[in-house]
file entry_13.cif (mmCIF, C-alpha atoms and all ligand atoms)
data_data
#
loop_
_atom_site.group_PDB
_atom_site.id
_atom_site.type_symbol
_atom_site.label_atom_id
_atom_site.label_comp_id
_atom_site.auth_asym_id
_atom_site.auth_seq_id
_atom_site.Cartn_x
_atom_site.Cartn_y
_atom_site.Cartn_z
ATOM 1 C CA MET X 1218 10.842 -9.714 -18.216
ATOM 2 C CA ARG X 1219 8.594 -7.161 -16.479
ATOM 3 C CA THR X 1220 5.971 -8.188 -13.951
ATOM 4 C CA GLN X 1221 2.555 -8.207 -15.619
ATOM 5 C CA ARG X 1222 0.237 -8.879 -12.696
ATOM 6 C CA TYR X 1223 -0.379 -5.414 -11.291
ATOM 7 C CA PHE X 1224 -4.035 -5.099 -10.113
ATOM 8 C CA PHE X 1225 -4.617 -1.707 -11.795
ATOM 9 C CA ASP X 1226 -3.476 -0.261 -15.135
ATOM 10 C CA THR X 1227 -0.459 1.888 -14.240
ATOM 11 C CA SER X 1228 -0.521 3.634 -17.619
ATOM 12 C CA GLU X 1229 -3.640 5.624 -16.795
ATOM 13 C CA GLU X 1230 -3.200 9.230 -15.754
ATOM 14 C CA ALA X 1231 -6.173 8.798 -13.408
ATOM 15 C CA GLU X 1232 -3.886 6.541 -11.388
ATOM 16 C CA PHE X 1233 -2.166 9.543 -9.843
ATOM 17 C CA GLY X 1234 -5.306 10.879 -8.154
ATOM 18 C CA ARG X 1235 -6.207 7.414 -6.905
ATOM 19 C CA LEU X 1236 -2.716 6.761 -5.575
ATOM 20 C CA GLN X 1237 -2.541 10.093 -3.808
ATOM 21 C CA ARG X 1238 -5.976 9.862 -2.158
ATOM 22 C CA GLN X 1239 -5.188 6.328 -1.006
ATOM 23 C CA ALA X 1240 -1.727 7.378 0.226
ATOM 24 C CA GLU X 1241 -3.090 10.264 2.257
ATOM 25 C CA VAL X 1242 -5.400 7.908 4.181
ATOM 26 C CA TRP X 1243 -2.425 5.871 5.400
ATOM 27 C CA ASP X 1244 0.336 8.494 5.645
ATOM 28 C CA ARG X 1245 -0.622 9.324 9.226
ATOM 29 C CA LEU X 1246 0.060 5.719 10.268
ATOM 30 C CA THR X 1247 3.192 5.395 8.146
ATOM 31 C CA PHE X 1248 4.794 8.644 9.349
ATOM 32 C CA ARG X 1249 4.135 7.671 12.968
ATOM 33 C CA ARG X 1250 5.724 4.254 12.415
ATOM 34 C CA LEU X 1251 8.763 5.874 10.743
ATOM 35 C CA GLU X 1252 9.044 8.275 13.712
ATOM 36 C CA GLU X 1253 8.899 5.333 16.150
ATOM 37 C CA ILE X 1254 11.642 3.540 14.210
ATOM 38 C CA GLY X 1255 13.723 6.674 14.643
ATOM 39 C CA VAL X 1256 14.450 7.499 11.010
ATOM 40 C CA GLY X 1257 16.606 10.618 11.122
ATOM 41 C CA GLU X 1258 19.534 12.626 9.752
ATOM 42 C CA GLY X 1259 21.951 10.612 7.658
ATOM 43 C CA TRP X 1260 19.805 7.507 7.166
ATOM 44 C CA ARG X 1261 19.962 5.659 3.835
ATOM 45 C CA CYS X 1262 16.384 4.751 2.893
ATOM 46 C CA LEU X 1263 14.720 2.817 0.093
ATOM 47 C CA GLU X 1264 11.058 3.439 -0.764
ATOM 48 C CA VAL X 1265 9.835 0.628 -3.024
ATOM 49 C CA GLY X 1266 6.789 1.121 -5.286
ATOM 50 C CA ALA X 1267 6.781 4.801 -4.341
ATOM 51 C CA GLY X 1268 3.576 5.689 -6.248
ATOM 52 C CA SER X 1269 2.558 9.323 -5.830
ATOM 53 C CA GLY X 1270 5.582 9.918 -3.579
ATOM 54 C CA THR X 1271 4.027 11.166 -0.337
ATOM 55 C CA VAL X 1272 6.347 8.985 1.769
ATOM 56 C CA VAL X 1273 9.365 9.911 -0.380
ATOM 57 C CA ARG X 1274 8.763 13.616 0.363
ATOM 58 C CA TRP X 1275 8.664 12.854 4.108
ATOM 59 C CA LEU X 1276 11.851 10.770 3.941
ATOM 60 C CA VAL X 1277 13.972 13.254 1.956
ATOM 61 C CA ASP X 1278 13.133 15.991 4.488
ATOM 62 C CA ARG X 1279 13.828 13.724 7.433
ATOM 63 C CA VAL X 1280 17.197 12.247 6.388
ATOM 64 C CA GLY X 1281 18.591 15.641 5.317
ATOM 65 C CA ALA X 1282 21.695 16.440 3.317
ATOM 66 C CA THR X 1283 23.780 13.689 4.913
ATOM 67 C CA GLY X 1284 21.236 10.977 4.151
ATOM 68 C CA ARG X 1285 19.861 9.631 0.893
ATOM 69 C CA VAL X 1286 16.615 8.209 -0.384
ATOM 70 C CA VAL X 1287 16.249 5.816 -3.292
ATOM 71 C CA ALA X 1288 12.693 5.680 -4.666
ATOM 72 C CA THR X 1289 11.682 2.909 -7.056
ATOM 73 C CA ASP X 1290 8.562 2.074 -9.034
ATOM 74 C CA LEU X 1291 7.548 0.143 -12.134
ATOM 75 C CA VAL X 1292 6.361 3.535 -13.416
ATOM 76 C CA PRO X 1293 8.264 6.190 -11.431
ATOM 77 C CA LYS X 1294 6.854 9.190 -13.279
ATOM 78 C CA TRP X 1295 5.352 10.927 -10.257
ATOM 79 C CA VAL X 1296 8.376 10.584 -7.985
ATOM 80 C CA ARG X 1297 10.517 11.984 -10.796
ATOM 81 C CA ALA X 1298 8.700 15.289 -10.233
ATOM 82 C CA ILE X 1299 10.153 15.540 -6.692
ATOM 83 C CA GLU X 1300 13.213 17.777 -6.643
ATOM 84 C CA ALA X 1301 15.607 16.865 -3.839
ATOM 85 C CA PRO X 1302 19.414 16.581 -4.010
ATOM 86 C CA ASN X 1303 19.390 13.544 -1.705
ATOM 87 C CA LEU X 1304 16.871 11.610 -3.867
ATOM 88 C CA GLU X 1305 17.621 8.996 -6.523
ATOM 89 C CA VAL X 1306 14.686 7.673 -8.584
ATOM 90 C CA LEU X 1307 14.839 4.299 -10.328
ATOM 91 C CA GLU X 1308 12.510 2.536 -12.744
ATOM 92 C CA HIS X 1309 12.665 -0.872 -11.114
ATOM 93 C CA ASP X 1310 10.628 -4.076 -10.960
ATOM 94 C CA LEU X 1311 10.842 -5.448 -7.433
ATOM 95 C CA VAL X 1312 10.217 -8.994 -8.702
ATOM 96 C CA ALA X 1313 12.495 -9.137 -11.736
ATOM 97 C CA ASP X 1314 15.281 -6.626 -11.033
ATOM 98 C CA PRO X 1315 18.110 -6.984 -8.492
ATOM 99 C CA LEU X 1316 18.549 -4.810 -5.385
ATOM 100 C CA GLU X 1317 21.949 -3.893 -4.004
ATOM 101 C CA ASP X 1318 22.834 -6.081 -0.985
ATOM 102 C CA SER X 1319 23.163 -4.543 2.512
ATOM 103 C CA ALA X 1320 22.715 -0.995 1.221
ATOM 104 C CA HIS X 1321 19.851 0.553 3.213
ATOM 105 C CA ASP X 1322 19.248 1.415 6.875
ATOM 106 C CA LEU X 1323 15.506 1.368 6.225
ATOM 107 C CA ILE X 1324 13.338 -0.100 3.497
ATOM 108 C CA HIS X 1325 9.650 0.818 3.355
ATOM 109 C CA VAL X 1326 7.128 -0.971 1.123
ATOM 110 C CA ARG X 1327 3.421 -0.051 1.304
ATOM 111 C CA MET X 1328 0.562 -1.601 -0.706
ATOM 112 C CA VAL X 1329 3.000 -3.182 -3.184
ATOM 113 C CA LEU X 1330 3.592 -6.772 -2.028
ATOM 114 C CA PHE X 1331 -0.147 -7.452 -2.394
ATOM 115 C CA HIS X 1332 0.183 -7.126 -6.162
ATOM 116 C CA LEU X 1333 3.168 -9.440 -6.522
ATOM 117 C CA PRO X 1334 3.639 -13.186 -6.978
ATOM 118 C CA GLU X 1335 6.410 -14.944 -5.024
ATOM 119 C CA LYS X 1336 5.918 -12.722 -1.980
ATOM 120 C CA GLN X 1337 8.256 -14.687 0.296
ATOM 121 C CA ALA X 1338 11.080 -14.591 -2.268
ATOM 122 C CA VAL X 1339 10.533 -10.846 -2.699
ATOM 123 C CA LEU X 1340 10.650 -10.411 1.083
ATOM 124 C CA ARG X 1341 13.985 -12.272 1.232
ATOM 125 C CA LYS X 1342 15.331 -9.970 -1.475
ATOM 126 C CA LEU X 1343 14.259 -6.952 0.600
ATOM 127 C CA VAL X 1344 15.913 -8.382 3.728
ATOM 128 C CA ASP X 1345 19.150 -8.908 1.780
ATOM 129 C CA ALA X 1346 19.074 -5.242 0.773
ATOM 130 C CA VAL X 1347 18.874 -4.016 4.402
ATOM 131 C CA VAL X 1348 22.134 -3.452 6.298
ATOM 132 C CA PRO X 1349 22.647 -5.739 9.323
ATOM 133 C CA GLY X 1350 20.860 -3.993 12.191
ATOM 134 C CA GLY X 1351 18.666 -2.076 9.718
ATOM 135 C CA ARG X 1352 14.871 -2.106 9.497
ATOM 136 C CA LEU X 1353 12.250 -3.326 7.041
ATOM 137 C CA LEU X 1354 8.775 -1.758 7.295
ATOM 138 C CA VAL X 1355 6.072 -3.414 5.180
ATOM 139 C CA GLU X 1356 2.472 -2.221 5.216
ATOM 140 C CA ASP X 1357 -0.301 -4.097 3.472
ATOM 141 C CA TYR X 1358 -4.008 -4.777 3.636
ATOM 142 C CA ASP X 1359 -6.239 -7.301 5.232
ATOM 143 C CA MET X 1360 -9.198 -6.742 2.867
ATOM 144 C CA ARG X 1361 -11.623 -8.944 4.832
ATOM 145 C CA THR X 1362 -12.895 -5.968 6.849
ATOM 146 C CA LEU X 1363 -13.805 -4.011 3.705
ATOM 147 C CA PRO X 1364 -17.504 -5.085 3.603
ATOM 148 C CA HIS X 1365 -18.188 -4.265 7.282
ATOM 149 C CA SER X 1366 -20.387 -1.265 8.053
ATOM 150 C CA THR X 1367 -22.395 0.281 10.874
ATOM 151 C CA PRO X 1368 -25.264 -0.372 10.645
ATOM 152 C CA PRO X 1369 -24.936 -3.470 8.449
ATOM 153 C CA ASP X 1370 -25.986 -2.651 4.876
ATOM 154 C CA GLU X 1371 -26.655 -5.372 2.303
ATOM 155 C CA THR X 1372 -25.683 -3.374 -0.794
ATOM 156 C CA TRP X 1373 -22.440 -2.172 0.802
ATOM 157 C CA ARG X 1374 -21.675 -5.740 1.914
ATOM 158 C CA VAL X 1375 -22.088 -7.166 -1.591
ATOM 159 C CA VAL X 1376 -20.122 -4.361 -3.260
ATOM 160 C CA GLY X 1377 -17.460 -4.349 -0.520
ATOM 161 C CA GLU X 1378 -16.968 -8.108 -0.838
ATOM 162 C CA ALA X 1379 -16.534 -7.885 -4.608
ATOM 163 C CA PRO X 1380 -12.910 -6.597 -4.669
ATOM 164 C CA VAL X 1381 -11.989 -9.275 -2.113
ATOM 165 C CA LYS X 1382 -13.443 -11.990 -4.355
ATOM 166 C CA LEU X 1383 -11.864 -10.473 -7.466
ATOM 167 C CA ALA X 1384 -8.446 -10.471 -5.771
ATOM 168 C CA GLU X 1385 -8.837 -14.141 -4.859
ATOM 169 C CA ARG X 1386 -9.930 -15.057 -8.406
ATOM 170 C CA ILE X 1387 -6.785 -13.592 -9.908
ATOM 171 C CA GLY X 1388 -4.550 -15.280 -7.345
ATOM 172 C CA LEU X 1389 -3.897 -12.364 -4.983
ATOM 173 C CA ASP X 1390 -4.054 -12.763 -1.202
ATOM 174 C CA PRO X 1391 -6.680 -10.488 0.401
ATOM 175 C CA GLU X 1392 -5.353 -11.402 3.878
ATOM 176 C CA LEU X 1393 -1.707 -10.597 3.166
ATOM 177 C CA GLY X 1394 -1.467 -7.984 5.932
ATOM 178 C CA ARG X 1395 -2.165 -10.422 8.736
ATOM 179 C CA ARG X 1396 0.380 -12.903 7.347
ATOM 180 C CA LEU X 1397 3.254 -10.428 7.351
ATOM 181 C CA PRO X 1398 4.606 -11.131 10.883
ATOM 182 C CA GLY X 1399 4.947 -14.858 10.069
ATOM 183 C CA MET X 1400 6.563 -14.045 6.732
ATOM 184 C CA PHE X 1401 9.010 -11.690 8.478
ATOM 185 C CA ALA X 1402 9.997 -14.439 10.935
ATOM 186 C CA GLU X 1403 10.467 -16.916 8.060
ATOM 187 C CA ALA X 1404 12.696 -14.374 6.295
ATOM 188 C CA GLY X 1405 14.942 -14.230 9.394
ATOM 189 C CA LEU X 1406 13.950 -10.814 10.765
ATOM 190 C CA VAL X 1407 13.893 -10.239 14.528
ATOM 191 C CA ASP X 1408 12.246 -7.751 16.930
ATOM 192 C CA ILE X 1409 9.085 -7.951 14.817
ATOM 193 C CA ASP X 1410 6.444 -5.400 15.765
ATOM 194 C CA ALA X 1411 3.018 -5.437 14.114
ATOM 195 C CA GLU X 1412 0.158 -2.974 14.321
ATOM 196 C CA ALA X 1413 -3.213 -3.120 12.538
ATOM 197 C CA VAL X 1414 -5.153 0.077 11.810
ATOM 198 C CA ALA X 1415 -8.447 0.943 10.116
ATOM 199 C CA PHE X 1416 -10.287 4.213 9.629
ATOM 200 C CA PRO X 1417 -14.053 3.620 9.876
ATOM 201 C CA ARG X 1418 -15.715 6.715 8.385
ATOM 202 C CA ARG X 1419 -19.075 8.061 7.129
ATOM 203 C CA MET X 1420 -19.034 7.397 3.403
ATOM 204 C CA PRO X 1421 -18.875 11.072 2.311
ATOM 205 C CA ASP X 1422 -15.846 11.523 4.590
ATOM 206 C CA ILE X 1423 -13.684 8.894 2.864
ATOM 207 C CA PRO X 1424 -13.521 9.732 -0.882
ATOM 208 C CA ALA X 1425 -10.464 7.450 -1.287
ATOM 209 C CA TRP X 1426 -12.745 4.410 -1.107
ATOM 210 C CA GLN X 1427 -15.085 5.849 -3.758
ATOM 211 C CA THR X 1428 -12.135 6.190 -6.131
ATOM 212 C CA GLN X 1429 -11.378 2.495 -5.709
ATOM 213 C CA PHE X 1430 -14.904 1.487 -6.675
ATOM 214 C CA VAL X 1431 -14.944 3.886 -9.653
ATOM 215 C CA GLU X 1432 -11.660 2.318 -10.862
ATOM 216 C CA LEU X 1433 -12.837 -1.265 -10.399
ATOM 217 C CA ARG X 1434 -16.497 -0.733 -11.412
ATOM 218 C CA ASP X 1435 -16.459 -2.371 -14.840
ATOM 219 C CA ARG X 1436 -14.236 -5.270 -13.779
ATOM 220 C CA LEU X 1437 -16.497 -6.065 -10.828
ATOM 221 C CA ILE X 1438 -19.575 -6.036 -13.113
ATOM 222 C CA ASP X 1439 -17.857 -8.079 -15.851
ATOM 223 C CA ALA X 1440 -16.809 -10.651 -13.259
ATOM 224 C CA GLY X 1441 -20.471 -11.048 -12.238
ATOM 225 C CA LEU X 1442 -19.698 -9.994 -8.667
ATOM 226 C CA VAL X 1443 -22.034 -6.958 -8.589
ATOM 227 C CA THR X 1444 -24.772 -5.455 -10.729
ATOM 228 C CA ALA X 1445 -24.291 -2.007 -12.248
ATOM 229 C CA GLU X 1446 -27.160 -0.823 -10.062
ATOM 230 C CA GLN X 1447 -25.454 -2.006 -6.854
ATOM 231 C CA VAL X 1448 -22.035 -0.523 -7.568
ATOM 232 C CA ASP X 1449 -23.479 2.755 -8.869
ATOM 233 C CA ASP X 1450 -25.632 3.052 -5.732
ATOM 234 C CA VAL X 1451 -22.490 2.701 -3.576
ATOM 235 C CA ILE X 1452 -20.503 5.181 -5.700
ATOM 236 C CA ALA X 1453 -23.344 7.718 -5.446
ATOM 237 C CA ARG X 1454 -23.587 7.412 -1.666
ATOM 238 C CA PHE X 1455 -20.022 8.742 -1.270
ATOM 239 C CA ASP X 1456 -21.279 11.967 -2.915
ATOM 240 C CA ASP X 1457 -24.264 12.313 -0.585
ATOM 241 C CA PRO X 1458 -23.327 14.610 2.332
ATOM 242 C CA ASP X 1459 -26.279 13.239 4.333
ATOM 243 C CA CYS X 1460 -25.235 9.593 4.057
ATOM 244 C CA ASP X 1461 -24.505 8.405 7.608
ATOM 245 C CA LEU X 1462 -23.436 4.836 6.824
ATOM 246 C CA VAL X 1463 -20.077 4.242 8.518
ATOM 247 C CA VAL X 1464 -17.901 1.919 6.420
ATOM 248 C CA HIS X 1465 -14.946 0.116 7.944
ATOM 249 C CA GLY X 1466 -12.731 -0.182 4.889
ATOM 250 C CA PRO X 1467 -9.644 -2.399 4.681
ATOM 251 C CA THR X 1468 -7.341 -2.864 7.667
ATOM 252 C CA MET X 1469 -3.713 -1.863 7.194
ATOM 253 C CA HIS X 1470 -1.112 -4.053 8.894
ATOM 254 C CA SER X 1471 2.109 -2.170 9.554
ATOM 255 C CA VAL X 1472 4.952 -4.550 10.349
ATOM 256 C CA VAL X 1473 8.559 -3.686 11.155
ATOM 257 C CA GLY X 1474 11.452 -6.070 11.700
ATOM 258 C CA THR X 1475 15.206 -5.804 12.219
ATOM 259 C CA LYS X 1476 17.847 -7.645 10.215
ATOM 260 C CA PRO X 1477 20.083 -9.449 12.717
ATOM 261 C CA GLY X 1478 23.791 -8.728 13.048
ATOM 262 C CA GLY X 1479 25.867 -5.606 12.693
ATOM 263 C CA SER X 1480 26.105 -2.674 15.046
ATOM 264 C CA ALA X 1481 24.092 -0.226 12.972
ATOM 265 C CA GLY X 1482 22.424 1.153 16.129
ATOM 266 C CA ARG X 1483 19.708 2.431 13.854
HETATM 267 C C1 LIG X 1501 -1.178 0.838 -4.531
HETATM 268 S S1 LIG X 1501 0.229 1.678 -5.120
HETATM 269 C C2 LIG X 1501 1.024 2.151 -3.594
HETATM 270 C C3 LIG X 1501 1.933 3.346 -3.768
HETATM 271 C C4 LIG X 1501 2.722 3.770 -2.530
HETATM 272 N N1 LIG X 1501 3.562 2.685 -2.048
HETATM 273 C C5 LIG X 1501 1.797 4.231 -1.426
HETATM 274 O O1 LIG X 1501 1.620 3.504 -0.456
HETATM 275 O O2 LIG X 1501 1.255 5.327 -1.544
HETATM 276 C C6 LIG X 1501 1.282 0.396 -5.713
HETATM 277 C C7 LIG X 1501 2.551 0.914 -6.376
HETATM 278 O O3 LIG X 1501 3.416 -0.193 -6.591
HETATM 279 C C8 LIG X 1501 3.973 -0.088 -7.881
HETATM 280 N N2 LIG X 1501 4.341 -1.446 -8.312
HETATM 281 C C9 LIG X 1501 3.519 -2.443 -8.692
HETATM 282 N N3 LIG X 1501 4.228 -3.543 -9.011
HETATM 283 C C10 LIG X 1501 5.543 -3.230 -8.815
HETATM 284 C C11 LIG X 1501 6.767 -3.927 -8.999
HETATM 285 N N4 LIG X 1501 6.774 -5.177 -9.447
HETATM 286 N N5 LIG X 1501 7.934 -3.297 -8.716
HETATM 287 C C12 LIG X 1501 7.920 -2.010 -8.270
HETATM 288 N N6 LIG X 1501 6.790 -1.286 -8.091
HETATM 289 C C13 LIG X 1501 5.618 -1.886 -8.366
HETATM 290 C C14 LIG X 1501 2.885 0.557 -8.723
HETATM 291 O O4 LIG X 1501 3.392 1.149 -9.896
HETATM 292 C C15 LIG X 1501 2.306 1.572 -7.730
HETATM 293 O O5 LIG X 1501 2.986 2.808 -7.783
#

call {"tool": "encode", "arguments": {"input": "entry_13.cif", "output": "C-alpha cells"}}
result
Amino acid sequence: MRTQRYFFDTSEEAEFGRLQRQAEVWDRLTFRRLEEIGVGEGWRCLEVGAGSGTVVRWLVDRVGATGRVVATDLVPKWVRAIEAPNLEVLEHDLVADPLEDSAHDLIHVRMVLFHLPEKQAVLRKLVDAVVPGGRLLVEDYDMRTLPHSTPPDETWRVVGEAPVKLAERIGLDPELGRRLPGMFAEAGLVDIDAEAVAFPRRMPDIPAWQTQFVELRDRLIDAGLVTAEQVDDVIARFDDPDCDLVVHGPTMHSVVGTKPGGSAGR
C-alpha cells in the first residue's frame, strides 16, 4: 500500500518549481553540513525523498566514480533526469517499502519526515540502513517561527499561522525539527549534533515562501483559517519590490548522528 498522506499533490507539474525554489533556500545549509560530515570520494550515499534533486547533484559529484548515490522518491521523475553513472534512482515509499540493511555510509533526508506517519519507526528503518559508524542527517522544520516578522504585522501573522494550524489539523507535527535530537537518541544514534537555521528576509527577496502560499491558498481558505483577501494581500506583497517587511519563515533543524559500532572511520 502506498502512503497517502503527503501534504501536497505530487502529481502536479507545478510541484517541480516549488520543490526547487524551496530546495535552493536550504541547500547552503545542507551542503555545509555534508562538508562538515566529510562526505567524499568513494562514499555510498542514500538521498531519501530526493525531490528536485539539488542534493543528489551535489552528492554524485562529491563521491566520484568510486562512490555511489541511491536517490529515492515516491515520484522520482525529476531525479531520473540526472545523468550520472554513479547514480541509481528508485521509486520508493519510505514508509511502506523496505531499505537494504547496513548499506549506506550516509543517509540524508530533508523535509520528508514531516509528511509521514510513524516517524520514529521510519527513523529506526533509516538507522538500520546505515552502516555501523555511518551517519544519518535529517533536516526538518520547526514551523512555529513562520508567522514572526519585523516589524510585527497582523495580516502576515494570521496568514503565516495558517499552514501551522492546517498541519496540526491533519495530524502533522509542526515542531518536528526541534524533536529530532531526542528521536535520534531514542533510535540509538550517538554523537548527535543539531543546528537550527532560519533566513529572515524582506518579502520580495524570498520568493520560495510566496510559492508555498500560492500552493496552499485554497486549502487555507477552505479550512476557514484565512480570508481570500488576507492571503491574496500576502501573496501580492512578495511581488512588491518596495515591501520592507522582513519575514522570519520556518526554522530548519539540521541533525546528524552516528550509528554505533563498526570501524567505518567515515
Ligand atoms: C518537500 S519535498 C523535499 C524534497 C527534497 N528532499 C528537498 O529537500 O529538496 C518532499 C519530498 O518527499 C517525497 N516524499 C513524500 N512522501 C514520501 C515517502 N513516503 N517516501 C519517499 N518520498 C516521499 C515527495 O515526493 C517530495 O519529493

call {"tool": "closest_residue", "arguments": {"input": "entry_13.cif", "among": "X:Ala1313, X:Ala1379, X:Ala1425, X:Val1463", "to": "Glu1241 (chain X)", "atoms": "all atoms listed in the file"}}
result
X:Ala1425

call {"tool": "residues_near_ligand", "arguments": {"input": "entry_13.cif", "ligand": "ligand LIG 1501 (chain X)", "cutoff": "8 Å", "atoms": "only C-alpha atoms and all ligand atoms", "output": "compact mmCIF listing (two decimals) with C-alpha atoms, in the frame of the given file"}}
result
# COMPACT_ATOMS: atom_id res chain seq x y z
CA ARG X 1219 8.59 -7.16 -16.48
CA THR X 1220 5.97 -8.19 -13.95
CA ARG X 1222 0.24 -8.88 -12.70
CA TYR X 1223 -0.38 -5.41 -11.29
CA THR X 1227 -0.46 1.89 -14.24
CA LEU X 1236 -2.72 6.76 -5.58
CA GLN X 1237 -2.54 10.09 -3.81
CA GLN X 1239 -5.19 6.33 -1.01
CA ALA X 1240 -1.73 7.38 0.23
CA GLU X 1241 -3.09 10.26 2.26
CA TRP X 1243 -2.42 5.87 5.40
CA ASP X 1244 0.34 8.49 5.64
CA GLU X 1264 11.06 3.44 -0.76
CA VAL X 1265 9.84 0.63 -3.02
CA GLY X 1266 6.79 1.12 -5.29
CA ALA X 1267 6.78 4.80 -4.34
CA GLY X 1268 3.58 5.69 -6.25
CA SER X 1269 2.56 9.32 -5.83
CA GLY X 1270 5.58 9.92 -3.58
CA THR X 1271 4.03 11.17 -0.34
CA VAL X 1272 6.35 8.98 1.77
CA THR X 1289 11.68 2.91 -7.06
CA ASP X 1290 8.56 2.07 -9.03
CA LEU X 1291 7.55 0.14 -12.13
CA VAL X 1292 6.36 3.54 -13.42
CA PRO X 1293 8.26 6.19 -11.43
CA GLU X 1308 12.51 2.54 -12.74
CA HIS X 1309 12.66 -0.87 -11.11
CA ASP X 1310 10.63 -4.08 -10.96
CA LEU X 1311 10.84 -5.45 -7.43
CA VAL X 1312 10.22 -8.99 -8.70
CA ALA X 1313 12.50 -9.14 -11.74
CA VAL X 1326 7.13 -0.97 1.12
CA ARG X 1327 3.42 -0.05 1.30
CA MET X 1328 0.56 -1.60 -0.71
CA VAL X 1329 3.00 -3.18 -3.18
CA LEU X 1330 3.59 -6.77 -2.03
CA HIS X 1332 0.18 -7.13 -6.16
CA LEU X 1333 3.17 -9.44 -6.52

call {"tool": "residues_around", "arguments": {"input": "entry_13.cif", "residues": "region 1432-1436 of chain X", "least_positions_apart": "3", "cutoff": "8 Å", "atoms": "only C-alpha atoms", "output": "VMD selection string"}}
result
chain X and resid 1380 1428 to 1429 1439 to 1440 1445 1448

call {"tool": "resolve_selection", "arguments": {"input": "entry_13.cif", "expression": "the PyMOL selection byres (((chain X and resi 1465) around 7) and not hetatm)", "output": "list in words"}}
result
Thr1362, Leu1363, His1365, Ser1366, Ala1415, Phe1416, Pro1417, Arg1418, Val1463, Val1464, Gly1466 and Pro1467 of chain X

call {"tool": "write_last_selection", "arguments": {"input": "entry_13.cif", "atoms": "C-alpha atoms", "output": "PDB file, in the coordinates of the input"}}
result
ATOM      1  CA  THR X1362     -12.895  -5.968   6.849  1.00  0.00           C
ATOM      2  CA  LEU X1363     -13.805  -4.011   3.705  1.00  0.00           C
ATOM      3  CA  HIS X1365     -18.188  -4.265   7.282  1.00  0.00           C
ATOM      4  CA  SER X1366     -20.387  -1.265   8.053  1.00  0.00           C
ATOM      5  CA  ALA X1415      -8.447   0.943  10.116  1.00  0.00           C
ATOM      6  CA  PHE X1416     -10.287   4.213   9.629  1.00  0.00           C
ATOM      7  CA  PRO X1417     -14.053   3.620   9.876  1.00  0.00           C
ATOM      8  CA  ARG X1418     -15.715   6.715   8.385  1.00  0.00           C
ATOM      9  CA  VAL X1463     -20.077   4.242   8.518  1.00  0.00           C
ATOM     10  CA  VAL X1464     -17.901   1.919   6.420  1.00  0.00           C
ATOM     11  CA  GLY X1466     -12.731  -0.182   4.889  1.00  0.00           C
ATOM     12  CA  PRO X1467      -9.644  -2.399   4.681  1.00  0.00           C
TER      13      PRO X1467
END

call {"tool": "atom_distance", "arguments": {"input": "entry_13.cif", "atom1": "CA of His1470 (chain X)", "atom2": "CA of Val1286 (chain X)"}}
result
23.5 Å

call {"tool": "resolve_selection", "arguments": {"input": "entry_13.cif", "expression": "the PyMOL selection byres (((chain X and resi 1302) around 9) and not hetatm)", "output": "list in words"}}
result
Val1277, Ala1282, Arg1285, Glu1300, Ala1301, Asn1303, Leu1304 and Glu1305 of chain X

call {"tool": "closest_residue", "arguments": {"input": "entry_13.cif", "among": "X:Ala1288, X:Val1375, X:Met1469, X:Met1420", "to": "Phe1455 (chain X)", "atoms": "all atoms listed in the file"}}
result
X:Met1420

call {"tool": "closest_residue", "arguments": {"input": "entry_13.cif", "among": "X:Gly1388, X:Pro1315, X:Gly1255, X:Gly1474", "to": "Glu1403 (chain X)", "atoms": "all atoms listed in the file"}}
result
X:Gly1474

call {"tool": "resolve_selection", "arguments": {"input": "entry_13.cif", "expression": "the PyMOL selection byres (((chain X and resi 1400) around 12) and not hetatm)", "output": "list of chain:residue names"}}
result
X:Leu1330, X:Glu1335, X:Lys1336, X:Gln1337, X:Ala1338, X:Val1339, X:Leu1340, X:Arg1341, X:Val1344, X:Val1355, X:Leu1393, X:Gly1394, X:Arg1395, X:Arg1396, X:Leu1397, X:Pro1398, X:Gly1399, X:Phe1401, X:Ala1402, X:Glu1403, X:Ala1404, X:Gly1405, X:Leu1406, X:Val1407, X:Ile1409, X:Ala1411, X:Val1472, X:Val1473, X:Gly1474

call {"tool": "residues_around", "arguments": {"input": "entry_13.cif", "residues": "Val1348 (chain X)", "least_positions_apart": "3", "cutoff": "7 Å", "atoms": "all atoms listed in the file", "output": "PyMOL selection string"}}
result
chain X and resi 1319-1322+1351

call {"tool": "atom_distance", "arguments": {"input": "entry_13.cif", "atom1": "CA of Cys1460 (chain X)", "atom2": "CA of Gln1427 (chain X)"}}
result
13.3 Å

call {"tool": "closest_residue", "arguments": {"input": "entry_13.cif", "among": "X:Gly1478, X:Gly1234, X:Pro1349, X:Gly1441", "to": "Leu1323 (chain X)", "atoms": "only C-alpha atoms"}}
result
X:Pro1349

call {"tool": "closest_residue", "arguments": {"input": "entry_13.cif", "among": "X:Val1347, X:Thr1475, X:Leu1442, X:Val1256", "to": "Arg1386 (chain X)", "atoms": "only C-alpha atoms"}}
result
X:Leu1442

call {"tool": "closest_residue", "arguments": {"input": "entry_13.cif", "among": "X:Thr1444, X:Thr1283, X:Thr1247, X:Ser1471", "to": "Tyr1358 (chain X)", "atoms": "only C-alpha atoms"}}
result
X:Ser1471

call {"tool": "atom_distance", "arguments": {"input": "entry_13.cif", "atom1": "CA of Val1242 (chain X)", "atom2": "CA of Ala1298 (chain X)"}}
result
21.5 Å

call {"tool": "axis_aligned_box", "arguments": {"input": "entry_13.cif", "around": "region 1325-1343 of chain X", "padding_each_side": "4 Å", "output": "lines of an AutoDock Vina configuration file"}}
result
center_x = 7.6
center_y = -7.1
center_z = -1.8
size_x = 23.5
size_y = 23.8
size_z = 18.3
